[in-house]
Structures are given as structure tokens and as C-alpha cells.
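To keep things clear, I will list the structure first and then write my remarks on it.
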Amino acid sequence: RRREAAAAEEEVDETPQEKKLRLAKQYLEELRQLEEERAEEEEELEPADLVGDRLKEDVLEQKGRLQRLVAKDVRPPDPARIRVLRGHQLPVTCLVISPDDKFIFSASKDGSLIKCKWEVDSGKRLCVVPGGKKGTEERHMGHASHVLCMAISSDGKYLATGDRNKLIMIWDAATCKRLHIFTGHRDAVSGLSFRKGTHQLYSASHDRCVKVWDVAENAYVETLFGHQDVITGLDSLSRECCVTAGGRDGTVRLWKIPEESQLVFSGHQGSIDCIQLINEEHMVSGADDGSLALWGLTKKKPLALARQAHGEQDAQGLQQPYWISAVAALRNSDLLATGSHSGSVKLWKCGEGFRKVEHLLDIPLVGFVNSLKFSAAGDFLVAGIGQEHRLGRWWRMKEAKNSICIIPLKQKTTASSPESPGSS
């Protein structure tokens with residue numbers, strides 16, 4: 001008993017520095033084991049080299065300096081090879097890809113969740129959680145209002161979904177069983193993201209605040225305030241912080257969770273509707289003024305801005321830019337994608353140091369592109385398409401199909417080339 005007490009005391013006395021050291025040692029050990037297992041399978045490579053390479057990549061990634069230069073190798077996909085998965089009755093609003101690139105989870109304004117197995121020849125629907133009537137959420141498994149956002153933990157264990165009815169639902173990703181309902185937001189939940197490597201969940205809402213949850217413990221952690229308008233999107237990586245887009249308040253914010261502080265960025269003219277981190281130091285956002293912005297987390301103004309990225313439309317005799325309704329970044333690379341209702345998804349290349357954004361190619365797709373995600377390996381892009389915009393019913397495109405499109409991304413060189421870390 002005394003020994004146990006002493007051990008517990010020792011743990012309490014651990015300084016932050018000691019804790020860092022202990023966790024680093026633990027991480028190294030886990031890495032070593034992982035790479036040894038991998039090396040046993042491959043045998044040609046020395047485990048030590050693998051650990052070294054992996055550590056180098058991790059250091060670059062943490063500093064936001066790992067930039068795989070893949071954009072130059074992407075070729076326009078053959079339209080016949082774009083696969084369309086149907087199943088949602090109403091516009092698809094959000095989707096995520098499982099960390100192993102095998103499954104796609106999607107949700108819609110009909111409140112249903114669909115889990116599809118992603119195989120080259122089968123878009124098999126593995127599991128459908130239908131939506132229900134308002135007020136039946138406790139008895140009924142699915143959402144009873146528009147699902148606006150979703151996130152999956154980096155180990156693929158938990159799926160989180162947020163709806164217009166202020167609720168966050170936590171699911172077992174493997175079985176689609178609902179585990180918890182989180183309440184606390186006072187308006188629609190519009191952004192969700194798991195911190196990489198943890199089960200800490202960040203949520204954003206039209207109530208203008210960001211909340212932090214511990215999913216494994218089924219617990220609420222804290223609330224952060226700052227935006228002057230509805231938050232439309234949120235993203236995070238492995239640091240204890242998240243980024244948000246603040247709609248009509250015209251700002252993008254970086255929230256430092258432990259310090260409960262925030263950095264404010266501005267540069268768009270219109271409502272900022274979507275945001276994603278490219279790496280630990282850079283992010284991309286899109287707005288309804290048609291602009292696409294690249295940001296460095298140390299500068300308050302965009303490093304690069306593409307105005308009217310999807311061109312202009314004629315709306316009631318007025319020339320209006322097409323809104324940017326979705327952005328995606330292939331993590332730690334120079335490849336971006338944007339969606340609108342302009343009839344195509346556009347791919348972009350980030351120039352050196354993220355100071356330039358160049359248009360690469362267009363992929364024809366009809367409808368509102370409400371969600372875009374690259375597979376982790378970067379070999380396909382998934383688009384969630386709707387006849388209406390994710391957040392409203394301003395227009396309806398009857399010719400569009402509420403669906404999920406899987407777009408193969410062909411690269412002209414061998415698969416190993418994207419691995420070379422470029423400078424940033």
C-alpha cells in the first residue's frame with residue numbers, strides 16, 4: 001500500500017518537462033515497435049533507418065515544413081471513372097473518409113448517416129442510420145434534423161456528427177452504434193474535428209462558440225468565445241488548437257486551447273464559409289465572395305488570395321461570383337481542391353512558401369459541392385453533392401443529383417515520388 005502511494009505521489013510530482021520526456025520516450029518506443037513489425041514484413045529495409053526517416057517526417061510535420069510536392073503530377077481524371085454513389089434523399093452536407101481510406105461516411109439534410117465501403121468496383125452501403133422526426137432523438141438512433149458536419153478520430157474508432165438541432169452524436173465507427181449525445185450548444189452545430197492522435201473533439205456552432213469534449217470519457221471540457229457571427233467551419237491537427245471560419249464577421253481564428261486565447265486573421269470580403277488546415281502552420285479558406293485564401297499561422301493577412309476562383313454567374317441580371325462552398329487540402333502537400341455550384345471542382349497548386357495559388361484543372365460536377373475530402377494517400381478525392389447549399393435553401397439545382405462522387409486522381413509518375421519532402 002505504501003509503495004503504491006509513493007508511486008502515485010511520484011506521478012503527481014512529475015514536471016511538465018519530465019512528462020514531455022516520458023511521453024517522447026513512449027512515442028519512440030511505439031514507433032520502433034511499429035517499424036520493426038513493418039520491417040519484418042518487408043525485410044529489405046533496416047528498422048533503424050525507417051525510424052529515423054519517420055522521425056524526420058514527424059519533426060517536419062510538427063513544424064509545418066513537410067510539403068510533399070504532388071500537384072505537378074496530377075492529371076485530369078477520366079470522367080467515365082468518376083463513381084457516383086446514391087442513397088441520400090436530400091442534399092449531402094458532409095462526409096469523412098476513414099483513416100485507412102477504406103470507408104466513406106456521409107450525412108445529409110435528411111438526417112441519415114450512410115457508411116459505404118470504398119472499393120474500386122463496389123460502392124456497397126454497409127450501414128444506413130435513417131433520420132427521424134424532431135424530438136425522437138433519444139428513442140431513435142439517427143438525427144432528426146439536417147446533419148451539418150462530421151469528424152472521425154485518427155484511429156478510426158469514433159465518428160462524431162453535428163446537426164441543426166444543436167446536438168452532437170458520437171458513434172462507434174465500426175458498427176455505426178450510437179454511443180453518446182452531447183448537448184450544450186445553443187444553435188446549429190456547424191463544425192467538428194478530432195485532435196489528431198487523441199479522442200479530444202472540438203465543435204463549433206452558429207451560437208458563435210467553440211467547445212472542447214473528451215469523447216472517450218463522455219465529458220464536456222470547456223467553451224471558448226470570440227466570433228461575432230455564426231461559425232461555419234472548423235479544423236484541427238495534432239496541436240492543442242483549432243481553426244475556425246466566422247461567416248459574416250469576416251475573420252478566421254486560431255484558438256489556442258490551453259491558453260484560452262485566439263489569433264484573428266482577416267482578408268476575405270464576404271462570408272467565410274469553409275476552412276481547412278494544410279499542415280500545422282498553414283490553412284486554406286473559401287468565402288461567398290468567390291475568393292480562396294492561403295494563410296500562414298504567423299501572419300494576420302492571407303499569404304495568397306485567388307479572387308473569383310470559380311468565376312462569375314449571372315444572378316437576376318447582376319454578375320455575382322460563384323461562392324466557394326467547400327475546400328480540401330491533401331495534408332502536408334501542395335495540392336488543394338475547391339467546390340462551388342459552378343459546374344466543376346477545381347484543383348489548385350500552392351506555390352513555394354504558400355505565397356502563390358495556381359489553378360491546375362477542372363473536374364466537371366453538377367450541383368452544390370457541399371463537402372470535399374482527399375484520401376490520406378492522395379489517390380482519390382470525394383465530393384458530397386447536393387441540389388442545395390449545405391446551410392440554406394437559396395437556390396435549387398434540379399439537374400443535380402444528391403450523391404457522393406469518388407474522383408480518382410491519376411498521377412503521371414510512380415507512387416513513390418510524392419514522398420520526397422519539399423522545402424516550404
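In the C-alpha cells, the first chain shown is A, the next is B, and so on; residue numbers restart at 1 for each chain, and ligands run from 1 in the order shown.
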Just the residues within 7 Å of Pro77 (chain A), please, counting only C-alpha atoms, with nothing from its chain fewer than 5 positions along; format it as an MDAnalysis selection string.
-> chainID A and resid 408:410
Neighbour list for Ile324 (chain A) as a ChimeraX atom specification, cut-off 7 Å, only C-alpha atoms, skip fewer than 3 positions in-chain = /A:286-288,290,338-340
Nearest to Glu312 (chain A) by atom-to-atom distance, counting only C-alpha atoms, from A:Gly351, A:Gly367, A:Gly343, A:Pro79 |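 Using only C-alpha atoms, Glu312 (chain A) sits closest to A:Gly343.
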Mind checking which residues fall within 10 Å of Ile82 (chain A), counting only C-alpha atoms, ignoring those fewer than 3 positions away in the same chain, and posting them as a list in words?
->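 Non-adjacent residues within range: Pro77, Asp78, Pro79, Leu85, Ile363, Pro364, Leu365, Phe380, Leu381, Val382, Cys405, Ile406, Ile407, Pro408 and Leu409 of chain A.
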Which residues in region 329-403 of chain A does DSSP call strand (DSSP E or B)? List them as a ChimeraX atom specification.
-> /A:329,333,335-339,344-350,357-364,368-374,380-386,403
Of the listed residues A:Gly132, A:Gly191, A:Gly384, A:Gly296, that which approaches Ser236 (chain A) most closely, counting only C-alpha atoms |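 The shortest atom-to-atom distance to Ser236 (chain A) comes from A:Gly191.
From CA of Asp163 (chain A) back to CA of His146 (chain A), the distance works out to 5.6 Å.
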Figure out the distance between CA of Val252 (chain A) and CA of Ala377 (chain A), please, to one decimal in Å.
->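 One can read the CA of Ala377 (chain A) to CA of Val252 (chain A) distance as 27.8 Å.
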Which of these, A:His180, A:Lys157, A:Lys256, A:Arg186, has the shortest distance to Val243 (chain A) once you count only C-alpha atoms?
-> A:Lys256
Hey, what's within 7 Å of Leu113 (chain A) if we count only C-alpha atoms and toss same-chain stuff fewer than 5 positions away? As a PyMOL selection string, please?
-> chain A and resi 106-107+128-130
What separation in Å, quoted to one decimal, exists between CA of Ala328 (chain A) and CA of Asp155 (chain A)?
-> 20.4 Å
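Nearest residue to Arg390 (chain A), choosing from A:Val369, A:Ile97, A:Leu263, A:Ala160 and counting only C-alpha atoms: A:Val369.
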Spatial neighbours of Leu347 (chain A), 7 Å, only C-alpha atoms, chain gap at least 2 places, as a PyMOL selection string = chain A and resi 336-338+345+359-362
What lies within 6 Å of region 196-208 of chain A using only C-alpha atoms, ignoring chain neighbours under 2 positions off, as a PDB file with C-alpha atoms, in the first residue's frame?
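For reference, around16.pdb as written:
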```pdb
ATOM      1  CA  SER A 154      -7.407   9.470 -36.309  1.00  0.00           C
ATOM      2  CA  ARG A 186     -27.374  26.831 -28.207  1.00  0.00           C
ATOM      3  CA  ASP A 187     -27.666  26.733 -32.010  1.00  0.00           C
ATOM      4  CA  ALA A 188     -26.821  24.552 -35.024  1.00  0.00           C
ATOM      5  CA  VAL A 189     -23.535  22.607 -34.766  1.00  0.00           C
ATOM      6  CA  SER A 190     -21.591  23.558 -37.898  1.00  0.00           C
ATOM      7  CA  GLY A 191     -18.036  22.225 -37.427  1.00  0.00           C
ATOM      8  CA  LEU A 192     -16.392  19.195 -35.803  1.00  0.00           C
ATOM      9  CA  SER A 193     -12.820  17.938 -35.656  1.00  0.00           C
ATOM     10  CA  PHE A 194     -10.922  15.402 -33.565  1.00  0.00           C
ATOM     11  CA  VAL A 210     -16.140  26.596 -29.761  1.00  0.00           C
ATOM     12  CA  LYS A 211     -16.487  23.720 -27.294  1.00  0.00           C
ATOM     13  CA  VAL A 212     -13.999  21.031 -26.291  1.00  0.00           C
ATOM     14  CA  TRP A 213     -15.128  17.475 -25.396  1.00  0.00           C
ATOM     15  CA  ASP A 214     -13.409  14.292 -24.245  1.00  0.00           C
ATOM     16  CA  VAL A 215     -15.171  11.581 -26.227  1.00  0.00           C
ATOM     17  CA  HIS A 227     -16.571  35.206 -33.097  1.00  0.00           C
ATOM     18  CA  ASP A 229     -21.160  35.848 -36.247  1.00  0.00           C
ATOM     19  CA  VAL A 230     -22.071  32.189 -36.792  1.00  0.00           C
ATOM     20  CA  ILE A 231     -19.096  29.827 -37.119  1.00  0.00           C
ATOM     21  CA  LEU A 237      -4.438  18.718 -36.478  1.00  0.00           C
ATOM     22  CA  SER A 238      -2.215  17.351 -33.700  1.00  0.00           C
TER      23      SER A 238
END
```
Nearby residues (only C-alpha atoms) at most 9 Å from Arg331 (chain A), same-chain spacing under 4 positions excluded, as a PyMOL selection string | chain A and resi 67-68+277-279+335+374+376+378
Kindly save the residues from that selection, with all heavy atoms included, as a PDB file, in the first residue's frame.
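What follows is the written file again-v3.pdb:
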```
ATOM      1  N   GLN A  67       6.272  19.347 -46.929  1.00  0.00           N
ATOM      2  CA  GLN A  67       5.412  19.642 -48.070  1.00  0.00           C
ATOM      3  C   GLN A  67       5.725  18.669 -49.193  1.00  0.00           C
ATOM      4  O   GLN A  67       6.744  18.771 -49.855  1.00  0.00           O
ATOM      5  CB  GLN A  67       5.593  21.090 -48.548  1.00  0.00           C
ATOM      6  CG  GLN A  67       4.492  21.499 -49.506  1.00  0.00           C
ATOM      7  CD  GLN A  67       4.710  22.850 -50.135  1.00  0.00           C
ATOM      8  OE1 GLN A  67       5.732  23.479 -49.956  1.00  0.00           O
ATOM      9  NE2 GLN A  67       3.741  23.308 -50.905  1.00  0.00           N
ATOM     10  N   ARG A  68       4.841  17.705 -49.360  1.00  0.00           N
ATOM     11  CA  ARG A  68       5.034  16.757 -50.464  1.00  0.00           C
ATOM     12  C   ARG A  68       4.559  17.432 -51.733  1.00  0.00           C
ATOM     13  O   ARG A  68       3.435  17.912 -51.809  1.00  0.00           O
ATOM     14  CB  ARG A  68       4.225  15.488 -50.212  1.00  0.00           C
ATOM     15  CG  ARG A  68       4.685  14.764 -48.981  1.00  0.00           C
ATOM     16  CD  ARG A  68       4.149  13.346 -48.956  1.00  0.00           C
ATOM     17  NE  ARG A  68       4.725  12.634 -47.840  1.00  0.00           N
ATOM     18  CZ  ARG A  68       4.111  12.461 -46.673  1.00  0.00           C
ATOM     19  NH1 ARG A  68       2.916  12.949 -46.481  1.00  0.00           N
ATOM     20  NH2 ARG A  68       4.695  11.783 -45.708  1.00  0.00           N
ATOM     21  N   LEU A 277      -7.007  23.072 -42.489  1.00  0.00           N
ATOM     22  CA  LEU A 277      -5.559  23.171 -42.288  1.00  0.00           C
ATOM     23  C   LEU A 277      -4.866  22.351 -43.365  1.00  0.00           C
ATOM     24  O   LEU A 277      -5.298  21.243 -43.698  1.00  0.00           O
ATOM     25  CB  LEU A 277      -5.176  22.629 -40.907  1.00  0.00           C
ATOM     26  CG  LEU A 277      -5.464  23.588 -39.734  1.00  0.00           C
ATOM     27  CD1 LEU A 277      -5.565  22.831 -38.430  1.00  0.00           C
ATOM     28  CD2 LEU A 277      -4.386  24.658 -39.627  1.00  0.00           C
ATOM     29  N   ILE A 278      -3.779  22.902 -43.921  1.00  0.00           N
ATOM     30  CA  ILE A 278      -2.974  22.179 -44.908  1.00  0.00           C
ATOM     31  C   ILE A 278      -1.901  21.393 -44.155  1.00  0.00           C
ATOM     32  O   ILE A 278      -1.607  20.248 -44.450  1.00  0.00           O
ATOM     33  CB  ILE A 278      -2.310  23.171 -45.893  1.00  0.00           C
ATOM     34  CG1 ILE A 278      -3.387  23.998 -46.608  1.00  0.00           C
ATOM     35  CG2 ILE A 278      -1.402  22.430 -46.872  1.00  0.00           C
ATOM     36  CD1 ILE A 278      -2.846  25.175 -47.417  1.00  0.00           C
ATOM     37  N   ASN A 279      -1.289  22.061 -43.177  1.00  0.00           N
ATOM     38  CA  ASN A 279      -0.310  21.432 -42.275  1.00  0.00           C
ATOM     39  C   ASN A 279      -0.387  22.203 -40.954  1.00  0.00           C
ATOM     40  O   ASN A 279      -1.314  22.984 -40.756  1.00  0.00           O
ATOM     41  CB  ASN A 279       1.101  21.444 -42.900  1.00  0.00           C
ATOM     42  CG  ASN A 279       1.574  22.855 -43.228  1.00  0.00           C
ATOM     43  OD1 ASN A 279       1.203  23.831 -42.581  1.00  0.00           O
ATOM     44  ND2 ASN A 279       2.401  22.978 -44.254  1.00  0.00           N
ATOM     45  N   LEU A 335      -1.292  20.383 -52.733  1.00  0.00           N
ATOM     46  CA  LEU A 335      -2.497  20.166 -53.534  1.00  0.00           C
ATOM     47  C   LEU A 335      -3.767  20.569 -52.774  1.00  0.00           C
ATOM     48  O   LEU A 335      -3.969  20.154 -51.635  1.00  0.00           O
ATOM     49  CB  LEU A 335      -2.580  18.693 -53.940  1.00  0.00           C
ATOM     50  CG  LEU A 335      -3.717  18.288 -54.878  1.00  0.00           C
ATOM     51  CD1 LEU A 335      -3.631  19.014 -56.222  1.00  0.00           C
ATOM     52  CD2 LEU A 335      -3.722  16.772 -55.092  1.00  0.00           C
ATOM     53  N   PHE A 374      -9.815  14.720 -49.474  1.00  0.00           N
ATOM     54  CA  PHE A 374      -8.820  13.874 -50.148  1.00  0.00           C
ATOM     55  C   PHE A 374      -8.634  12.612 -49.324  1.00  0.00           C
ATOM     56  O   PHE A 374      -8.665  12.663 -48.085  1.00  0.00           O
ATOM     57  CB  PHE A 374      -7.464  14.588 -50.211  1.00  0.00           C
ATOM     58  CG  PHE A 374      -7.372  15.644 -51.276  1.00  0.00           C
ATOM     59  CD1 PHE A 374      -7.497  16.992 -50.954  1.00  0.00           C
ATOM     60  CD2 PHE A 374      -7.140  15.299 -52.602  1.00  0.00           C
ATOM     61  CE1 PHE A 374      -7.396  17.975 -51.933  1.00  0.00           C
ATOM     62  CE2 PHE A 374      -7.026  16.275 -53.585  1.00  0.00           C
ATOM     63  CZ  PHE A 374      -7.164  17.618 -53.251  1.00  0.00           C
ATOM     64  N   ALA A 376      -6.282   9.823 -47.605  1.00  0.00           N
ATOM     65  CA  ALA A 376      -4.996  10.062 -46.931  1.00  0.00           C
ATOM     66  C   ALA A 376      -3.835   9.837 -47.895  1.00  0.00           C
ATOM     67  O   ALA A 376      -2.836  10.556 -47.874  1.00  0.00           O
ATOM     68  CB  ALA A 376      -4.867   9.157 -45.716  1.00  0.00           C
ATOM     69  N   GLY A 378      -3.945  10.280 -51.051  1.00  0.00           N
ATOM     70  CA  GLY A 378      -3.991  11.266 -52.137  1.00  0.00           C
ATOM     71  C   GLY A 378      -4.346  10.691 -53.491  1.00  0.00           C
ATOM     72  O   GLY A 378      -4.201  11.354 -54.508  1.00  0.00           O
TER      73      GLY A 378
END
```
Counting only C-alpha atoms, which of A:Ala24, A:Ala174, A:Leu292, A:Leu234 gets nearest to Pro321 (chain A)?
->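 The closest residue to Pro321 (chain A) is A:Leu292.
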